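**Student:** The structure under discussion is supplied below as structure tokens; questions concerning it will follow.
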Amino acid sequence: MEEMENKILERAHTVACFETDANKILRPEAFMDWAQEMAQLHAERLHFGYDDFISRKLAWVVTRFYARFINPPKWKDAVTLRTWHKGLERIMSIRDFQILDKDGNVAVAATSSWVIVNIETRQFTREHFAVDRDGSVCKENAVEHSAEKVVMPREGVELVAEHVVAYSDIDMNGHTNNASYMGWAMDAVGLDVSLEREVLDFTINFNHESKAGERVSIYRACCGNDYYIEGRIADKAVFTTLIRFK
């Protein structure tokens, strides 16, 4: 039991007003902010975090993320955030997350896929294999499957917005923060849906980086309860997400 606890990072948190939407429910973008910080804190504990890698010109990059909103917390709710490293799947390292409510029930379950890149060449490295063998892996599943590839439908796709990457979008690495993409996607869904219906789950793929000043065209396709959102620079997909509503 003690060994398992050492492999899982837990943090208590109370949902703040700025992390919720007009219905006082946790926003997907805010959850991704939490997940990003928890991943970094846990990687630091396991000695493969930012400070361990940056001197070697290496960095973690998230490529896919899936989250299931089972009973998402609301403003003022006391919750427990959990994360653990599941090891290697092909070339990607898998990290899972949970939000537990005050009674220990799973409110949100998520999984993410990461690669380690050289920040100068932007190429993948084989550092994953060392991380996978270092004894830090926990095989518990928050979600039964890894985040999947999202493909925009061929028909019914419309341009709904143009977003110029701004100060508020940029992270400490000088690129658009992954959580910002989720915020853009929720904006693109439309207020008639995002304010009236609850998110069931979402999958987002991070395909290419974007930087300050770049113009990202946001496209949308609706298939019943499913909303596909893709951001493109010219013909290059920057991100693609599938958001499903209850």
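Scheme for the structure tokens: letters A, B, ... for chains in order shown; per-chain residue numbers from 1; ligand numbers from 1 in order shown.
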Please report as a tab-separated table every residue of range 135-205 of chain A lying within 7 Å of range 24-35 of chain A, along with the nearest atom pair and their distance in Å (one decimal), using only C-alpha atoms.

**Tutor:**
```
residue	atom	partner	partner_atom	distance
A:Ala179	CA	A:Glu29	CA	5.1
A:Ser180	CA	A:Glu29	CA	6.7
A:Met182	CA	A:Glu29	CA	5.3
A:Gly183	CA	A:Glu29	CA	5.4
```

**Student:** Residues within 12 Å of Gly190 in chain A, please, as a VMD selection string. Count only C-alpha atoms; anything in the same chain fewer than 5 positions from it doesn't count.

**Tutor:** chain A and resid 160 to 161 183 to 185 195 to 197 220 to 222 227 229

**Student:** Can those selected residues be exported to a file as a PDB file, in the first residue's frame so that it contains N, CA and C atoms?

**Tutor:**
```pdb
ATOM      1  N   VAL A 160     -16.010  29.024 -37.848  1.00  0.00           N
ATOM      2  CA  VAL A 160     -16.824  29.737 -36.857  1.00  0.00           C
ATOM      3  C   VAL A 160     -16.071  30.856 -36.156  1.00  0.00           C
ATOM      4  N   ALA A 161     -14.735  30.895 -36.244  1.00  0.00           N
ATOM      5  CA  ALA A 161     -13.988  31.943 -35.557  1.00  0.00           C
ATOM      6  C   ALA A 161     -12.567  32.024 -36.102  1.00  0.00           C
ATOM      7  N   GLY A 183     -10.342  25.905 -24.148  1.00  0.00           N
ATOM      8  CA  GLY A 183     -11.180  27.092 -24.000  1.00  0.00           C
ATOM      9  C   GLY A 183     -11.683  27.596 -25.341  1.00  0.00           C
ATOM     10  N   TRP A 184     -10.795  27.615 -26.348  1.00  0.00           N
ATOM     11  CA  TRP A 184     -11.219  28.026 -27.685  1.00  0.00           C
ATOM     12  C   TRP A 184     -12.302  27.088 -28.216  1.00  0.00           C
ATOM     13  N   ALA A 185     -12.118  25.790 -27.959  1.00  0.00           N
ATOM     14  CA  ALA A 185     -13.081  24.801 -28.462  1.00  0.00           C
ATOM     15  C   ALA A 185     -14.455  24.993 -27.833  1.00  0.00           C
ATOM     16  N   LEU A 195     -23.855  26.591 -22.518  1.00  0.00           N
ATOM     17  CA  LEU A 195     -24.503  27.070 -21.294  1.00  0.00           C
ATOM     18  C   LEU A 195     -25.737  26.264 -20.908  1.00  0.00           C
ATOM     19  N   GLU A 196     -26.245  25.477 -21.833  1.00  0.00           N
ATOM     20  CA  GLU A 196     -27.490  24.758 -21.591  1.00  0.00           C
ATOM     21  C   GLU A 196     -27.298  23.265 -21.329  1.00  0.00           C
ATOM     22  N   ARG A 197     -26.147  22.733 -21.712  1.00  0.00           N
ATOM     23  CA  ARG A 197     -25.931  21.300 -21.587  1.00  0.00           C
ATOM     24  C   ARG A 197     -24.602  21.023 -20.918  1.00  0.00           C
ATOM     25  N   ARG A 220     -15.845  24.012 -37.031  1.00  0.00           N
ATOM     26  CA  ARG A 220     -16.770  23.207 -36.222  1.00  0.00           C
ATOM     27  C   ARG A 220     -17.616  22.306 -37.114  1.00  0.00           C
ATOM     28  N   ALA A 221     -17.882  21.096 -36.607  1.00  0.00           N
ATOM     29  CA  ALA A 221     -18.833  20.189 -37.238  1.00  0.00           C
ATOM     30  C   ALA A 221     -19.664  19.560 -36.133  1.00  0.00           C
ATOM     31  N   CYS A 222     -20.963  19.508 -36.310  1.00  0.00           N
ATOM     32  CA  CYS A 222     -21.874  18.970 -35.292  1.00  0.00           C
ATOM     33  C   CYS A 222     -22.511  17.693 -35.803  1.00  0.00           C
ATOM     34  N   TYR A 227     -19.605  17.373 -30.898  1.00  0.00           N
ATOM     35  CA  TYR A 227     -19.098  18.582 -31.540  1.00  0.00           C
ATOM     36  C   TYR A 227     -17.603  18.420 -31.806  1.00  0.00           C
ATOM     37  N   ILE A 229     -14.264  20.189 -33.106  1.00  0.00           N
ATOM     38  CA  ILE A 229     -13.680  21.511 -33.253  1.00  0.00           C
ATOM     39  C   ILE A 229     -12.220  21.333 -33.658  1.00  0.00           C
TER      40      ILE A 229
END
```

**Student:** How far is it from CA of Thr80 in chain A to CA of Val143 in chain A, in Å with one decimal?

**Tutor:** 17.1 Å

**Student:** Let me make sure I understand: among A:Leu81, A:Ala67, A:Ile204, A:Val137, which one has the smallest atom-to-atom distance to Lys149 in chain A if we use only C-alpha atoms?

**Tutor:**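 When distances to Lys149 in chain A are compared using only C-alpha atoms, the smallest one comes from A:Ile204.
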
**Student:** With only C-alpha atoms counted and 9 Å as the cut-off, give the residues of range 110-177 of chain A in contact with range 6-14 of chain A, each with its shortest interatomic distance in Å and the pair that gives it, as a Markdown table.

**Tutor:**
```
| residue | atom | partner | partner_atom | distance |
| --- | --- | --- | --- | --- |
| A:Gly135 | CA | A:Lys7 | CA | 8.8 |
| A:Ser136 | CA | A:Lys7 | CA | 5.8 |
| A:Val137 | CA | A:Lys7 | CA | 6.9 |
| A:Cys138 | CA | A:Lys7 | CA | 6.2 |
```

**Student:** Given the selection you just returned, output its residues as a file containing C-alpha atoms, formatted as an mmCIF file, in the first residue's frame.

**Tutor:**
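Dumped to selection36.cif:
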```cif
data_model
loop_
_atom_site.group_PDB
_atom_site.id
_atom_site.type_symbol
_atom_site.label_atom_id
_atom_site.label_comp_id
_atom_site.auth_asym_id
_atom_site.auth_seq_id
_atom_site.Cartn_x
_atom_site.Cartn_y
_atom_site.Cartn_z
ATOM 1 C CA GLY A 135 10.038 1.806 -10.843
ATOM 2 C CA SER A 136 7.636 4.755 -10.857
ATOM 3 C CA VAL A 137 4.949 3.103 -12.979
ATOM 4 C CA CYS A 138 1.467 2.509 -11.532
#
```

**Student:** Could you give me, as a list of chain:residue names, the residues within 9 Å of Ser146 in chain A, counting only C-alpha atoms and dropping anything in the same chain fewer than 3 positions from it?

**Tutor:**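 The residues that qualify are A:Arg64, A:Phe65, A:Tyr66, A:Glu89, A:Ile94, A:Thr111, A:Ser112, A:Ser113, A:Val143.
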
**Student:** To one decimal place, how far is CA of Ser55 in chain A from CA of Gln36 in chain A in Å?

**Tutor:**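 So the two atoms, CA of Ser55 in chain A and CA of Gln36 in chain A, lie 20.6 Å apart.
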
**Student:** Do you know which residues are at most 8 Å from Ile70 in chain A counting only C-alpha atoms, after dropping those on the same chain fewer than 6 positions away, and could you put them as a PyMOL selection string?

**Tutor:** chain A and resi 106-109+200

**Student:** Could those selected residues go to a file with C-alpha atoms, as a tab-separated table (two decimals), in the first residue's frame?

**Tutor:**
```tsv
chain	number	residue	atom	x	y	z
A	106	VAL	CA	-14.74	9.60	-8.83
A	107	ALA	CA	-16.12	12.86	-10.21
A	108	VAL	CA	-13.81	13.16	-13.22
A	109	ALA	CA	-11.55	10.53	-14.80
A	200	LEU	CA	-20.13	14.22	-20.97
```

**Student:** Within 9 Å of Met92 in chain A, counting only C-alpha atoms, which residues show up once you throw out same-chain ones fewer than 6 positions away? Write them as a PyMOL selection string, please.

**Tutor:** chain A and resi 63+113-116+128

**Student:** If you run DSSP on this backbone, which residues of range 13-116 of chain A come out as helix (DSSP H, G or I), and could you give them as a ChimeraX atom specification?

**Tutor:** /A:17-19,28-45,50-54

**Student:** Could you turn the residues from that selection into a file that holds C-alpha atoms, as a PDB file, in the first residue's frame?

**Tutor:**
```
ATOM      1  CA  CYS A  17     -15.263  30.713  -8.771  1.00  0.00           C
ATOM      2  CA  PHE A  18     -12.915  31.507 -11.698  1.00  0.00           C
ATOM      3  CA  GLU A  19     -12.603  27.763 -12.455  1.00  0.00           C
ATOM      4  CA  PRO A  28     -12.994  21.667 -19.049  1.00  0.00           C
ATOM      5  CA  GLU A  29     -10.256  24.259 -19.552  1.00  0.00           C
ATOM      6  CA  ALA A  30      -9.806  24.642 -15.781  1.00  0.00           C
ATOM      7  CA  PHE A  31      -9.550  20.886 -15.330  1.00  0.00           C
ATOM      8  CA  MET A  32      -6.802  20.761 -17.942  1.00  0.00           C
ATOM      9  CA  ASP A  33      -4.953  23.492 -16.039  1.00  0.00           C
ATOM     10  CA  TRP A  34      -5.170  21.346 -12.896  1.00  0.00           C
ATOM     11  CA  ALA A  35      -3.970  18.269 -14.769  1.00  0.00           C
ATOM     12  CA  GLN A  36      -1.022  20.109 -16.269  1.00  0.00           C
ATOM     13  CA  GLU A  37       0.166  21.337 -12.875  1.00  0.00           C
ATOM     14  CA  MET A  38      -0.346  17.952 -11.212  1.00  0.00           C
ATOM     15  CA  ALA A  39       1.614  16.226 -13.977  1.00  0.00           C
ATOM     16  CA  GLN A  40       4.519  18.609 -13.492  1.00  0.00           C
ATOM     17  CA  LEU A  41       4.502  18.286  -9.688  1.00  0.00           C
ATOM     18  CA  HIS A  42       4.486  14.496  -9.890  1.00  0.00           C
ATOM     19  CA  ALA A  43       7.189  14.382 -12.566  1.00  0.00           C
ATOM     20  CA  GLU A  44       9.358  16.548 -10.309  1.00  0.00           C
ATOM     21  CA  ARG A  45       8.819  14.120  -7.425  1.00  0.00           C
ATOM     22  CA  TYR A  50      10.991  20.340 -15.916  1.00  0.00           C
ATOM     23  CA  ASP A  51      14.124  21.135 -13.902  1.00  0.00           C
ATOM     24  CA  ASP A  52      15.512  17.642 -14.477  1.00  0.00           C
ATOM     25  CA  PHE A  53      15.064  17.871 -18.236  1.00  0.00           C
ATOM     26  CA  ILE A  54      15.596  21.485 -19.265  1.00  0.00           C
TER      27      ILE A  54
END
```

**Student:** Check the smallest atom-to-atom distance from each of A:Phe245, A:Ile218, A:Tyr181, A:Glu140 to Gly87 in chain A using only C-alpha atoms, then report the winner.

**Tutor:**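 Among the listed residues, the smallest separation from Gly87 in chain A belongs to A:Glu140.
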
**Student:** For Thr176 in chain A, which residue out of A:Leu191, A:Ile99, A:Val61, A:Ala16 is the nearest one, using only C-alpha atoms?

**Tutor:**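 Looking only at the distances to Thr176 in chain A, the closest residue turns out to be A:Val61.
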